[in-house]
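J.: My structure is stored as entry_19.txt, with compact mmCIF, C-alpha atoms.
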```txt
# COMPACT_ATOMS: atom_id res chain seq x y z
CA MET A 1 65.84 -28.46 -26.15
CA THR A 2 66.72 -30.28 -29.34
CA GLU A 3 65.48 -28.61 -32.52
CA PRO A 4 62.08 -29.70 -33.90
CA ARG A 5 62.20 -32.29 -36.65
CA PRO A 6 58.60 -32.48 -37.92
CA ALA A 7 57.56 -35.54 -39.91
CA THR A 8 54.90 -34.50 -42.42
CA PRO A 9 52.30 -37.18 -43.26
CA SER A 10 52.03 -38.25 -46.88
CA ALA A 11 48.88 -37.63 -48.91
CA TYR A 12 48.46 -41.37 -49.58
CA ALA A 13 47.83 -40.52 -53.23
CA PRO A 14 46.57 -43.38 -55.40
CA ASP A 15 48.81 -44.97 -58.00
CA VAL A 16 52.00 -43.59 -56.50
CA PRO A 17 55.32 -44.69 -58.01
CA GLY A 18 56.93 -47.88 -56.77
CA ASN A 19 60.14 -49.76 -57.49
CA PRO A 20 59.23 -50.86 -61.05
CA ASP A 21 58.33 -47.29 -62.02
CA LEU A 22 61.69 -45.71 -61.23
CA PRO A 23 65.32 -46.25 -62.27
CA LEU A 24 66.41 -47.08 -58.73
CA THR A 25 70.11 -47.24 -57.89
CA PRO A 26 71.33 -48.34 -54.44
CA ARG A 27 73.29 -45.54 -52.86
CA PRO A 28 75.50 -45.23 -49.78
CA SER A 29 73.68 -44.27 -46.60
CA PRO A 30 76.34 -42.81 -44.27
CA GLY A 31 74.04 -40.83 -41.97
CA SER A 32 75.32 -37.98 -39.84
CA GLY A 33 78.16 -39.86 -38.18
CA THR A 34 79.63 -43.19 -37.16
CA VAL A 35 79.85 -44.89 -33.77
CA PRO A 36 83.14 -46.83 -33.53
CA PHE A 37 83.16 -50.32 -32.05
CA ASP A 38 85.78 -52.98 -31.40
CA LEU A 39 84.30 -56.38 -32.24
CA PRO A 40 86.58 -58.13 -34.75
CA GLY A 41 84.59 -60.22 -37.21
CA VAL A 42 81.48 -58.02 -37.06
CA PHE A 43 80.70 -55.95 -40.16
CA VAL A 44 78.01 -53.27 -40.67
CA GLY A 45 76.71 -51.90 -43.95
CA THR A 46 73.93 -49.53 -45.03
CA ALA A 47 72.33 -48.60 -48.33
CA GLU A 48 69.33 -46.52 -49.41
CA TYR A 49 67.04 -45.54 -52.23
CA GLU A 50 66.93 -41.78 -51.94
CA GLU A 51 63.84 -41.78 -54.17
CA GLY A 52 61.90 -43.16 -51.17
CA PRO A 53 63.71 -42.25 -49.13
CA THR A 54 64.10 -45.67 -47.51
CA GLY A 55 66.96 -47.98 -46.71
CA CYS A 56 68.36 -51.02 -44.99
CA THR A 57 71.08 -51.92 -42.50
CA VAL A 58 73.00 -55.20 -42.40
CA VAL A 59 75.02 -56.62 -39.50
CA HIS A 60 77.23 -59.39 -40.90
CA VAL A 61 79.09 -61.95 -38.80
CA PRO A 62 80.82 -64.23 -41.34
CA ALA A 63 81.65 -66.86 -38.71
CA GLY A 64 78.04 -66.90 -37.54
CA ALA A 65 76.69 -66.19 -34.08
CA ARG A 66 74.16 -67.74 -31.73
CA THR A 67 71.10 -65.53 -31.61
CA ALA A 68 68.15 -64.85 -29.35
CA VAL A 69 65.12 -63.06 -30.81
CA ASP A 70 62.61 -61.16 -28.70
CA ALA A 71 59.58 -59.89 -30.65
CA ARG A 72 56.89 -57.81 -28.96
CA GLY A 73 53.94 -55.62 -29.81
CA GLY A 74 50.96 -56.12 -32.06
CA ALA A 75 52.53 -55.51 -35.49
CA VAL A 76 55.75 -57.50 -35.90
CA GLY A 77 57.32 -57.89 -39.35
CA LEU A 78 59.95 -60.63 -38.97
CA SER A 79 61.77 -63.03 -41.27
CA GLY A 80 63.84 -66.00 -40.17
CA GLY A 81 64.15 -65.57 -36.43
CA TYR A 82 66.86 -68.25 -36.39
CA GLU A 83 68.81 -69.28 -33.30
CA PHE A 84 72.04 -68.89 -35.29
CA ASN A 85 72.73 -66.23 -37.92
CA HIS A 86 75.43 -65.06 -40.29
CA ALA A 87 73.66 -61.76 -40.85
CA VAL A 88 70.76 -59.65 -39.61
CA CYS A 89 69.03 -57.25 -42.01
CA LEU A 90 66.86 -54.35 -40.85
CA ALA A 91 64.84 -52.51 -43.48
CA GLY A 92 62.16 -49.95 -44.20
CA GLY A 93 59.27 -50.67 -46.55
CA SER A 94 57.13 -52.67 -44.12
CA VAL A 95 56.28 -56.18 -45.35
CA TYR A 96 57.65 -55.35 -48.80
CA GLY A 97 61.03 -54.54 -47.29
CA LEU A 98 61.49 -58.20 -46.36
CA GLY A 99 62.78 -58.59 -49.91
CA ALA A 100 66.00 -56.96 -48.70
CA VAL A 101 66.53 -59.90 -46.32
CA ALA A 102 66.30 -62.26 -49.28
CA GLY A 103 68.86 -60.13 -51.11
CA VAL A 104 71.35 -60.49 -48.27
CA SER A 105 70.77 -64.24 -48.28
CA ALA A 106 71.34 -64.46 -52.05
CA GLU A 107 74.55 -62.42 -51.82
CA LEU A 108 75.90 -64.68 -49.07
CA LEU A 109 75.04 -67.76 -51.12
CA ALA A 110 77.06 -66.37 -54.02
CA ARG A 111 79.98 -65.52 -51.72
CA ASN A 112 79.86 -69.05 -50.36
CA ARG A 113 80.37 -70.41 -53.91
CA ASN A 114 76.78 -71.69 -54.08
CA LEU A 115 77.50 -74.41 -51.52
CA THR A 116 74.20 -75.74 -50.21
CA LYS A 117 74.95 -78.62 -47.86
CA TRP A 118 72.98 -78.40 -44.64
CA ASP A 119 75.93 -77.17 -42.57
CA GLN A 120 76.97 -74.67 -45.26
CA LEU A 121 73.73 -72.67 -45.40
CA GLN A 122 74.10 -68.96 -44.72
CA LEU A 123 71.40 -67.96 -42.24
CA VAL A 124 69.90 -64.48 -42.36
CA SER A 125 67.15 -63.08 -40.15
CA GLY A 126 65.54 -59.70 -40.57
CA ALA A 127 62.80 -57.32 -39.56
CA VAL A 128 61.13 -54.24 -41.02
CA ILE A 129 59.69 -50.88 -40.07
CA TYR A 130 56.69 -49.16 -41.62
CA ASP A 131 58.09 -45.96 -43.10
CA PHE A 132 55.46 -45.12 -45.74
CA SER A 133 53.74 -42.66 -43.41
CA VAL A 134 56.11 -39.81 -44.23
CA ARG A 135 56.26 -40.21 -48.03
CA ASP A 136 53.84 -40.56 -50.92
CA ASN A 137 55.44 -43.38 -52.88
CA ALA A 138 55.72 -47.16 -52.65
CA VAL A 139 59.50 -47.39 -52.97
CA HIS A 140 60.84 -50.10 -50.67
CA PRO A 141 64.08 -51.93 -49.92
CA ASP A 142 64.39 -54.96 -52.20
CA ALA A 143 66.90 -57.71 -52.91
CA ALA A 144 69.22 -55.36 -54.79
CA LEU A 145 69.32 -52.92 -51.87
CA GLY A 146 69.91 -55.67 -49.32
CA ALA A 147 72.81 -57.01 -51.36
CA ALA A 148 74.24 -53.49 -51.72
CA ALA A 149 74.13 -52.95 -47.96
CA LEU A 150 75.99 -56.22 -47.40
CA ARG A 151 78.61 -55.29 -49.99
CA ALA A 152 79.10 -51.97 -48.18
CA ALA A 153 79.67 -53.66 -44.79
CA ARG A 154 82.87 -52.76 -42.94
CA GLU A 155 84.35 -53.57 -39.53
CA GLY A 156 84.55 -51.11 -36.70
CA GLY A 157 81.90 -48.49 -37.36
CA PHE A 158 78.10 -48.20 -37.18
CA PRO A 159 76.49 -45.37 -39.25
CA VAL A 160 73.97 -43.33 -37.25
CA GLY A 161 71.35 -40.70 -37.95
CA ARG A 162 68.80 -40.72 -40.75
CA CYS A 163 70.40 -43.58 -42.63
CA GLY A 164 69.98 -47.27 -43.42
CA ALA A 165 66.79 -48.75 -42.06
CA GLY A 166 66.21 -45.51 -40.15
CA ARG A 167 66.30 -43.31 -43.25
CA ALA A 168 62.59 -42.37 -42.97
CA ALA A 169 61.89 -43.39 -39.37
CA SER A 170 59.70 -41.20 -37.17
CA THR A 171 58.69 -41.21 -33.53
CA GLY A 172 56.31 -39.68 -31.00
CA LYS A 173 52.99 -40.44 -32.68
CA ALA A 174 50.36 -40.02 -30.01
CA ASP A 175 49.03 -37.88 -32.87
CA PHE A 176 50.87 -38.04 -36.19
CA ALA A 177 50.70 -34.26 -36.50
CA ARG A 178 53.11 -34.20 -33.55
CA ALA A 179 55.53 -36.85 -34.90
CA GLU A 180 59.17 -36.05 -35.64
CA PHE A 181 61.81 -37.75 -37.75
CA ALA A 182 64.07 -40.07 -35.77
CA GLY A 183 66.69 -42.44 -37.20
CA GLN A 184 69.21 -45.15 -36.44
CA GLY A 185 71.41 -45.03 -33.34
CA ALA A 186 74.22 -47.10 -31.88
CA ALA A 187 76.42 -47.28 -28.78
CA PHE A 188 79.35 -49.46 -27.71
CA GLY A 189 80.44 -50.43 -24.22
CA THR A 190 83.39 -52.31 -22.75
CA PHE A 191 83.48 -53.91 -19.31
CA GLY A 192 86.86 -55.53 -18.80
CA GLU A 193 87.20 -57.97 -21.68
CA ALA A 194 83.46 -57.95 -22.25
CA LYS A 195 82.16 -55.87 -25.15
CA VAL A 196 78.65 -55.02 -26.29
CA LEU A 197 77.34 -53.14 -29.31
CA VAL A 198 73.71 -52.05 -29.38
CA ALA A 199 72.11 -50.48 -32.45
CA THR A 200 68.49 -49.48 -32.81
CA VAL A 201 66.13 -48.06 -35.43
CA VAL A 202 63.60 -45.85 -33.64
CA ASN A 203 60.26 -45.75 -35.46
CA ALA A 204 58.07 -45.86 -32.39
CA VAL A 205 54.62 -44.62 -31.47
CA GLY A 206 56.32 -43.52 -28.26
CA ALA A 207 58.47 -40.45 -27.71
CA VAL A 208 62.17 -40.61 -26.85
CA VAL A 209 63.05 -39.70 -23.27
CA ASP A 210 66.50 -38.91 -21.86
CA ARG A 211 67.86 -39.87 -18.45
CA ASP A 212 66.47 -36.69 -16.89
CA GLY A 213 62.96 -37.63 -17.99
CA THR A 214 62.87 -34.97 -20.70
CA VAL A 215 61.19 -35.78 -24.01
CA VAL A 216 63.89 -35.08 -26.62
CA ARG A 217 62.19 -36.32 -29.79
CA GLY A 218 58.57 -36.82 -30.78
CA ASN A 219 55.16 -35.59 -29.66
CA TYR A 220 56.10 -32.02 -30.55
CA HIS A 221 53.34 -29.45 -29.98
CA ALA A 222 54.07 -26.72 -32.50
CA ALA A 223 51.61 -24.28 -30.95
CA GLU A 224 53.40 -24.55 -27.61
CA GLY A 225 56.88 -24.78 -29.11
CA GLY A 226 57.75 -27.84 -27.05
CA ARG A 227 57.37 -31.56 -26.47
CA ARG A 228 55.15 -33.36 -24.00
CA HIS A 229 55.28 -36.79 -22.46
CA PRO A 230 52.60 -38.80 -24.34
CA ALA A 231 50.97 -39.75 -21.02
CA VAL A 232 49.93 -36.10 -20.59
CA ASP A 233 48.06 -36.16 -23.89
CA TYR A 234 46.49 -39.54 -23.22
CA ALA A 235 45.28 -38.29 -19.84
CA GLU A 236 43.60 -35.32 -21.51
CA GLN A 237 41.75 -37.67 -23.87
CA VAL A 238 40.09 -39.64 -21.05
CA GLY A 239 36.32 -39.24 -21.13
CA ARG A 240 36.07 -37.71 -24.59
CA ASP A 241 33.13 -38.83 -26.70
CA GLU A 242 35.38 -39.38 -29.70
CA PRO A 243 38.73 -40.81 -28.61
CA ALA A 244 41.70 -40.24 -30.90
CA ASP A 245 42.56 -43.04 -33.31
CA ALA A 246 45.71 -45.04 -32.62
CA VAL A 247 48.48 -44.21 -35.08
CA ARG A 248 49.49 -47.40 -36.84
CA GLY A 249 52.76 -48.31 -38.51
CA ASN A 250 55.36 -48.25 -35.72
CA THR A 251 58.35 -50.41 -34.86
CA THR A 252 61.69 -50.21 -33.06
CA LEU A 253 64.29 -52.67 -34.33
CA THR A 254 67.37 -53.47 -32.23
CA VAL A 255 70.53 -55.54 -32.72
CA MET A 256 72.81 -56.33 -29.79
CA VAL A 257 76.17 -58.02 -30.42
CA THR A 258 78.44 -59.16 -27.61
CA ASN A 259 81.52 -61.32 -27.20
CA VAL A 260 80.35 -62.69 -23.83
CA ARG A 261 79.75 -66.43 -23.54
CA LEU A 262 76.19 -67.09 -22.46
CA THR A 263 74.15 -70.27 -22.45
CA ASP A 264 71.14 -70.34 -24.75
CA ARG A 265 68.85 -69.65 -21.82
CA GLU A 266 71.03 -66.83 -20.53
CA LEU A 267 71.23 -65.23 -23.97
CA ASP A 268 67.47 -65.40 -24.30
CA GLN A 269 66.91 -63.82 -20.90
CA VAL A 270 69.49 -61.07 -21.43
CA ALA A 271 67.81 -60.23 -24.75
CA ARG A 272 64.47 -59.89 -22.98
CA GLN A 273 66.00 -57.88 -20.14
CA VAL A 274 67.70 -55.36 -22.43
CA HIS A 275 64.67 -55.12 -24.71
CA SER A 276 62.44 -54.48 -21.71
CA SER A 277 64.82 -51.83 -20.38
CA MET A 278 64.39 -49.76 -23.53
CA HIS A 279 60.97 -48.61 -22.30
CA ARG A 280 62.89 -46.09 -20.18
CA GLY A 281 64.05 -44.33 -23.34
CA ILE A 282 60.92 -44.86 -25.47
CA GLN A 283 57.55 -44.17 -23.85
CA PRO A 284 55.22 -45.88 -24.44
CA PHE A 285 56.93 -48.99 -25.84
CA HIS A 286 55.85 -52.47 -27.04
CA THR A 287 52.33 -51.19 -27.77
CA LEU A 288 49.49 -52.72 -29.76
CA THR A 289 50.56 -50.68 -32.78
CA ASP A 290 54.31 -51.37 -32.47
CA GLY A 291 56.25 -54.34 -33.87
CA ASP A 292 59.41 -54.21 -31.75
CA VAL A 293 62.12 -56.81 -32.38
CA MET A 294 65.44 -57.45 -30.60
CA PHE A 295 68.17 -59.63 -32.13
CA ALA A 296 70.84 -60.51 -29.55
CA LEU A 297 73.98 -62.17 -30.95
CA THR A 298 77.05 -63.54 -29.19
CA THR A 299 80.41 -64.43 -30.70
CA ASP A 300 81.16 -66.58 -27.61
CA GLU A 301 84.69 -65.36 -26.95
CA VAL A 302 85.06 -64.31 -23.29
CA ASP A 303 83.62 -64.95 -19.86
CA LEU A 304 82.60 -62.12 -17.51
CA PRO A 305 83.98 -63.15 -14.08
CA GLY A 306 82.19 -61.81 -11.04
CA VAL A 307 79.14 -60.57 -12.92
CA PRO A 308 76.04 -62.76 -13.41
CA PRO A 309 74.01 -62.61 -16.64
CA THR A 310 71.55 -60.28 -14.91
CA GLY A 311 74.36 -57.87 -14.15
CA PHE A 312 75.62 -58.01 -17.71
CA GLY A 313 72.07 -57.33 -18.88
CA ALA A 314 71.95 -54.25 -16.64
CA LEU A 315 75.18 -52.95 -18.17
CA ALA A 316 73.99 -53.64 -21.70
CA SER A 317 70.71 -51.88 -20.92
CA GLU A 318 72.55 -48.61 -20.32
CA VAL A 319 74.31 -49.02 -23.67
CA ALA A 320 70.89 -49.56 -25.27
CA TRP A 321 69.60 -46.28 -23.82
CA ASP A 322 72.64 -44.51 -25.22
CA ALA A 323 71.86 -46.04 -28.64
CA ILE A 324 68.27 -44.75 -28.53
CA LEU A 325 69.43 -41.23 -27.75
CA LYS A 326 72.10 -41.36 -30.46
CA GLY A 327 69.43 -42.25 -32.99
CA VAL A 328 67.55 -38.99 -32.49
CA GLU A 329 70.38 -36.48 -32.22
```
Please go through the file and, once you have read it, give me the structure as structure tokens.
T.:
Amino acid sequence: MTEPRPATPSAYAPDVPGNPDLPLTPRPSPGSGTVPFDLPGVFVGTAEYEEGPTGCTVVHVPAGARTAVDARGGAVGLSGGYEFNHAVCLAGGSVYGLGAVAGVSAELLARNRNLTKWDQLQLVSGAVIYDFSVRDNAVHPDAALGAAALRAAREGGFPVGRCGAGRAASTGKADFARAEFAGQGAAFGTFGEAKVLVATVVNAVGAVVDRDGTVVRGNYHAAEGGRRHPAVDYAEQVGRDEPADAVRGNTTLTVMVTNVRLTDRELDQVARQVHSSMHRGIQPFHTLTDGDVMFALTTDEVDLPGVPPTGFGALASEVAWDAILKGVE
């Protein structure tokens, strides 16, 4: 069994410090390791405010990439949602963290010599997680942090662990007293000439489940010294006069980047297929109190002979499960 990683709720004290109250300096956010990937022209950067702690993660494709966006659940925090993007920014800080997306956009404008013709615009989409539950301050990713993450972006490696947008992520919140810290995970797969990178920030109400059906992160019962599948706890609540309150403030954010040529419709369907498949590793998923978002990007470089889009989606779904598990190691 993986070691417990309890996430202690904040006191929600009034008048807690926020960004203007502190001398914040963007810092590197390397996490516990790096997942290598081979997708030339794809850059990944992270940055954090350790005073939060909170952070952001940027996937930068300078040439741009067609994008499908699949947003589900009852609490989505999304900016842009464009069908073509030069960067995707994931951030903590809930709705206030959307400022980091604007920071990435401003940095790209400056890099592009302030050119603003219609076909020169640098498109950035982004999404946020609610990570205030585990801290008693209002520090959030802002424009400066988003720009710092973009400036830190490098080819060939995706930082994983408690870093970037997953710096203060938590999971398994059937009851917040049983939540555990999670993080940011990634996995890379190759299938002939086809390549796919999947990265995910796990901040779900659900618990993380491995391929054997074992809960490996979240919904930890300290008195029992072990984890339960949330369905067991929900079943025990049936018929109670005072049902437990739903724990709000949950979201899993995912970016998938592939070099496989897909039509717009195929890309959209593969994004939905892979996003749907992630319920195997996060249970429950796409709930009323989640704001799950998938960004699926293609660099349109190779075909995948002999395998239909559905088959490619099945392959990418296994990579996505690996990314979930990597995020909670």
J.: Would you kindly return, as a PyMOL selection string, each protein, DNA or RNA residue with an atom no farther than 10 Å from any atom of region 107-121 of chain A, considering only C-alpha atoms and excluding same-chain residues fewer than 6 positions away?
T.: chain A and resi 60+62+85-87+143-144+146-148+150-151
J.: Neighbouring residues of region 318-326 of chain A were defined as those with any atom within 10 Å, considering all atoms listed in the file; residues of the same chain fewer than 4 positions away were excluded. Please report them as a count of residues only.
T.: 40
J.: So, with only C-alpha atoms as the atoms that count, which of A:Ala194, A:Val293, A:Cys56, A:Ala244 lies closest to Ala316 (chain A)?
T.: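 Distance minimum relative to Ala316 (chain A) lands on A:Ala194.
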J.: Please provide the set of residues having any atom within 8 Å of Gly218 (chain A), restricted to all atoms listed in the file, with same-chain residues fewer than 6 positions apart removed, written as a ChimeraX atom specification.
T.: /A:170-173,178-181,206-208,227
J.: Give the answer as one residue: which of A:Ala174, A:Val328, A:Val61, A:Val205 has the shortest atom-to-atom distance to Tyr234 (chain A), using only C-alpha atoms?
T.: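 Ranked by minimum distance to Tyr234 (chain A), first place goes to A:Ala174.
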J.: Hey, what's within 9 Å of Asp70 (chain A) if we count all atoms listed in the file and toss same-chain stuff fewer than 5 positions away? As a VMD selection string, please?
T.: chain A and resid 268 271 to 272 275 292 to 296
J.: If I take CA of Val257 (chain A) and CA of Val42 (chain A), how far is one from the other in Å, to one decimal?
T.: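 Interatomic distance, CA of Val257 (chain A) to CA of Val42 (chain A): 8.5 Å.
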J.: Counting all atoms listed in the file, which of A:Pro141, A:Gly166, A:Pro36, A:Gly41 gets nearest to Leu253 (chain A)?
T.: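 Checking each candidate against Leu253 (chain A), we get A:Gly166 as the closest.
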J.: For each of A:Pro4, A:Pro230, A:Gly93, A:Gly311, take the minimum atom-to-atom distance to Ala138 (chain A), counting all atoms listed in the file, then give the residue where this is smallest.
T.: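 Using all atoms listed in the file, the shortest distance to Ala138 (chain A) belongs to A:Gly93.
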J.: Go through A:Ala169, A:Leu98, A:Ile129, A:Ala65 one by one, measure the shortest atom-to-atom distance of each to Asp142 (chain A) using all atoms listed in the file, and give the residue with the smallest value.
T.: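 For Asp142 (chain A), the nearest of the given residues is A:Leu98.
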J.: Distance CA of Val215 (chain A)-CA of Thr289 (chain A), one decimal place?
T.: 20.3 Å
J.: Closest to Asp300 (chain A) among A:Arg240, A:Ala63, A:Asp136, A:Val128, using all atoms listed in the file?
T.: A:Ala63
J.: Give me, as a VMD selection string, all polymer residues having an atom no more than 9 Å from Gly18 (chain A), counting all atoms listed in the file and skipping those fewer than 6 positions away in the same chain.
T.: chain A and resid 52 137 to 140
J.: Output the selection as a short mmCIF file (atom, residue, chain, number, x, y, z; two decimals), in the frame of the given file - C-alpha atoms for each residue.
T.:
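Wrote it out as out_18.cif, contents follow:
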```cif
data_model
loop_
_atom_site.label_atom_id
_atom_site.label_comp_id
_atom_site.auth_asym_id
_atom_site.auth_seq_id
_atom_site.Cartn_x
_atom_site.Cartn_y
_atom_site.Cartn_z
CA GLY A 52 61.90 -43.16 -51.17
CA ASN A 137 55.44 -43.38 -52.88
CA ALA A 138 55.72 -47.16 -52.65
CA VAL A 139 59.50 -47.39 -52.97
CA HIS A 140 60.84 -50.10 -50.67
#
```
J.: Between CA of Thr57 (chain A) and CA of Phe312 (chain A), what distance in Å does the model show, to one decimal?
T.: 25.9 Å
